[in-house]
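Q: I have a structure here, written as structure tokens, and I will follow up with some questions on it.
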Amino acid sequence: MDCGKSTLALQMDHNHRQRGRAGIIFSKLDRAGRSTLSSRLGLSTDAVEVTDELDFWDVVADQRINGGRVDYLICDEAQFYSTAQAEQLARVVDELGVDVFAFGITADFRTRLFPGSQRLIELADRVQVPQVEALCWCGRRATHNARTVNGVMVVEGAQVVVGDTDAGDLVGYEVLCRRHHMRRMTAASQAALIRVAAVEAEALPFDLAACALPPRRAGLTRS
């Protein structure tokens, strides 16, 4: 998350259409609602909602049988696709000559691969990491997605639960480095620790700085 994959999907569709190519945009469980591809920058467009029953081969074949052109597919939130749908996309590439660009995250909040992502990686001609680097609250590169419920990080529950980074007291998500994901330390929990430390420091009846030992000085001492 937070690496600009949906923004890149929108940009790629724009670039191909500008060159006269015809494509279809797909998405599933987008944060903005059904039949939508949206980015956190506020950009969005209409999309075909990927249901469990949707067959990519049938969609492309029907379009062409009815005289329509399909040069490429933009597939966002591809981690939610089934393994069978990932195989359908590979067949569309190999047998129909359609370019497929799939965008998604690889692992869930438990650091387990999504089945759809795993199959796509196994079949892909090329796997690329977006150039925009997601950052943990500590400033390190974020590599893991954390789920929060009522502001508390959780590591158990259903694999697919739709939420957003600004969910407040509902189900939310946050990107973390591995260290802080393993420690279950989100930005909110870190801020809470800082507040507690500040309160405890104010409650002390003496000045810690005044109690500190003076620095040692080099030189000889008399016995």
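Labeling convention for the structure tokens: chains A, B, ... as they appear, residues from 1 per chain, ligands from 1 in order of appearance.
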Just list the residues in region 48-106 of chain A DSSP gives alpha helix (DSSP H) on the backbone, as JSON, numbers by chain.

A: {"A": [56, 57, 58, 59, 60, 61, 62, 63, 64, 65, 83, 84, 85, 86, 87, 88, 89, 90, 91, 92, 93, 94, 95, 96]}

Q: Can you pull out the residues contacting Phe101 (chain A)? Cut-off 9 Å, using only C-alpha atoms, and skip same-chain residues under 6 positions away; I want them as a PyMOL selection string.

A: chain A and resi 9+12+72-76

Q: Selected residues, N, CA and C atoms, written as a PDB file, in the first residue's frame, please.

A:
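Generated output (selection-v9.pdb):
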ATOM      1  N   ALA A   9      -1.743   2.529 -12.331  1.00  0.00           N
ATOM      2  CA  ALA A   9      -2.713   1.845 -13.192  1.00  0.00           C
ATOM      3  C   ALA A   9      -3.510   2.857 -14.010  1.00  0.00           C
ATOM      4  N   MET A  12      -1.216   4.367 -16.667  1.00  0.00           N
ATOM      5  CA  MET A  12      -0.947   3.443 -17.765  1.00  0.00           C
ATOM      6  C   MET A  12      -2.137   3.367 -18.720  1.00  0.00           C
ATOM      7  N   TYR A  72      -5.564  -4.333 -24.430  1.00  0.00           N
ATOM      8  CA  TYR A  72      -4.921  -4.500 -23.127  1.00  0.00           C
ATOM      9  C   TYR A  72      -5.967  -4.533 -22.025  1.00  0.00           C
ATOM     10  N   LEU A  73      -5.569  -5.075 -20.873  1.00  0.00           N
ATOM     11  CA  LEU A  73      -6.399  -5.080 -19.670  1.00  0.00           C
ATOM     12  C   LEU A  73      -5.621  -4.433 -18.538  1.00  0.00           C
ATOM     13  N   ILE A  74      -6.288  -3.561 -17.790  1.00  0.00           N
ATOM     14  CA  ILE A  74      -5.740  -3.008 -16.548  1.00  0.00           C
ATOM     15  C   ILE A  74      -6.480  -3.693 -15.408  1.00  0.00           C
ATOM     16  N   CYS A  75      -5.769  -4.427 -14.571  1.00  0.00           N
ATOM     17  CA  CYS A  75      -6.388  -5.219 -13.504  1.00  0.00           C
ATOM     18  C   CYS A  75      -5.876  -4.744 -12.151  1.00  0.00           C
ATOM     19  N   ASP A  76      -6.685  -3.950 -11.460  1.00  0.00           N
ATOM     20  CA  ASP A  76      -6.275  -3.423 -10.156  1.00  0.00           C
ATOM     21  C   ASP A  76      -6.820  -4.298  -9.032  1.00  0.00           C
TER      22      ASP A  76
END

Q: So that I can check the surroundings of Glu49 (chain A), please list as an mmCIF file with N, CA, C and O atoms, in the first residue's frame every protein, DNA and RNA residue that reaches within 8 Å of it, counting only C-alpha atoms and ignoring chain neighbours fewer than 6 positions away.

A:
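Wrote selection38.cif, looks like this:
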data_model
loop_
_atom_site.group_PDB
_atom_site.id
_atom_site.type_symbol
_atom_site.label_atom_id
_atom_site.label_comp_id
_atom_site.auth_asym_id
_atom_site.auth_seq_id
_atom_site.Cartn_x
_atom_site.Cartn_y
_atom_site.Cartn_z
ATOM 1 N N PHE A 26 -10.372 -3.282 -14.905
ATOM 2 C CA PHE A 26 -11.021 -4.145 -13.916
ATOM 3 C C PHE A 26 -10.540 -3.764 -12.518
ATOM 4 O O PHE A 26 -9.402 -3.325 -12.333
ATOM 5 N N SER A 27 -11.396 -3.963 -11.538
ATOM 6 C CA SER A 27 -11.003 -3.770 -10.138
ATOM 7 C C SER A 27 -11.895 -4.628 -9.263
ATOM 8 O O SER A 27 -12.944 -5.124 -9.713
ATOM 9 N N LYS A 28 -11.479 -4.813 -8.028
ATOM 10 C CA LYS A 28 -12.279 -5.606 -7.092
ATOM 11 C C LYS A 28 -12.115 -5.049 -5.683
ATOM 12 O O LYS A 28 -10.996 -4.844 -5.208
ATOM 13 N N LEU A 29 -13.239 -4.795 -5.033
ATOM 14 C CA LEU A 29 -13.238 -4.329 -3.647
ATOM 15 C C LEU A 29 -12.431 -3.049 -3.475
ATOM 16 O O LEU A 29 -11.693 -2.885 -2.500
ATOM 17 N N ARG A 34 -17.875 -0.254 -5.473
ATOM 18 C CA ARG A 34 -17.904 -1.173 -6.591
ATOM 19 C C ARG A 34 -17.699 -0.457 -7.920
ATOM 20 O O ARG A 34 -18.012 0.719 -8.069
ATOM 21 N N SER A 35 -17.176 -1.218 -8.875
ATOM 22 C CA SER A 35 -17.016 -0.753 -10.258
ATOM 23 C C SER A 35 -16.223 0.548 -10.341
ATOM 24 O O SER A 35 -16.540 1.437 -11.134
ATOM 25 N N THR A 36 -15.196 0.645 -9.529
ATOM 26 C CA THR A 36 -14.365 1.853 -9.484
ATOM 27 C C THR A 36 -12.899 1.484 -9.317
ATOM 28 O O THR A 36 -12.570 0.540 -8.602
#

Q: Please provide the set of residues having any atom within 9 Å of Val155 (chain A), restricted to only C-alpha atoms, with same-chain residues fewer than 5 positions apart removed, written as a list of chain:residue names.

A: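 So the residues in contact are A:Phe109, A:Arg110, A:Ala146, A:Arg147, A:Thr148, A:Arg184.
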
Q: Which neighbours of region 37-45 of chain A fall inside 7 Å, counting only C-alpha atoms, when residues of the same chain fewer than 4 positions from it are skipped, and could you give them as a VMD selection string?

A: chain A and resid 6 to 7 27 30 32

Q: Calculated over only C-alpha atoms, which of the candidates A:Val132, A:Val70, A:Leu176, A:Ala84 has the smallest distance to His16 (chain A)?

A: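 The closest residue to His16 (chain A) is A:Val70.
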
Q: Nearest to Phe114 (chain A) among A:Ala158, A:Ala188, A:Ala47, A:Ala201, with distances taken over only C-alpha atoms: which residue is it?

A: A:Ala158

Q: Tell me, in Å to one decimal, how far CA of Asp46 (chain A) is from CA of Ile25 (chain A).

A: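 Computed distance, CA of Asp46 (chain A) to CA of Ile25 (chain A), equals 7.7 Å.
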
Q: Do you know which residues are at most 12 Å from Ala191 (chain A) counting only C-alpha atoms, after dropping those on the same chain fewer than 5 positions away, and could you put them as a PyMOL selection string?

A: chain A and resi 137-138+151+185-186+196-198
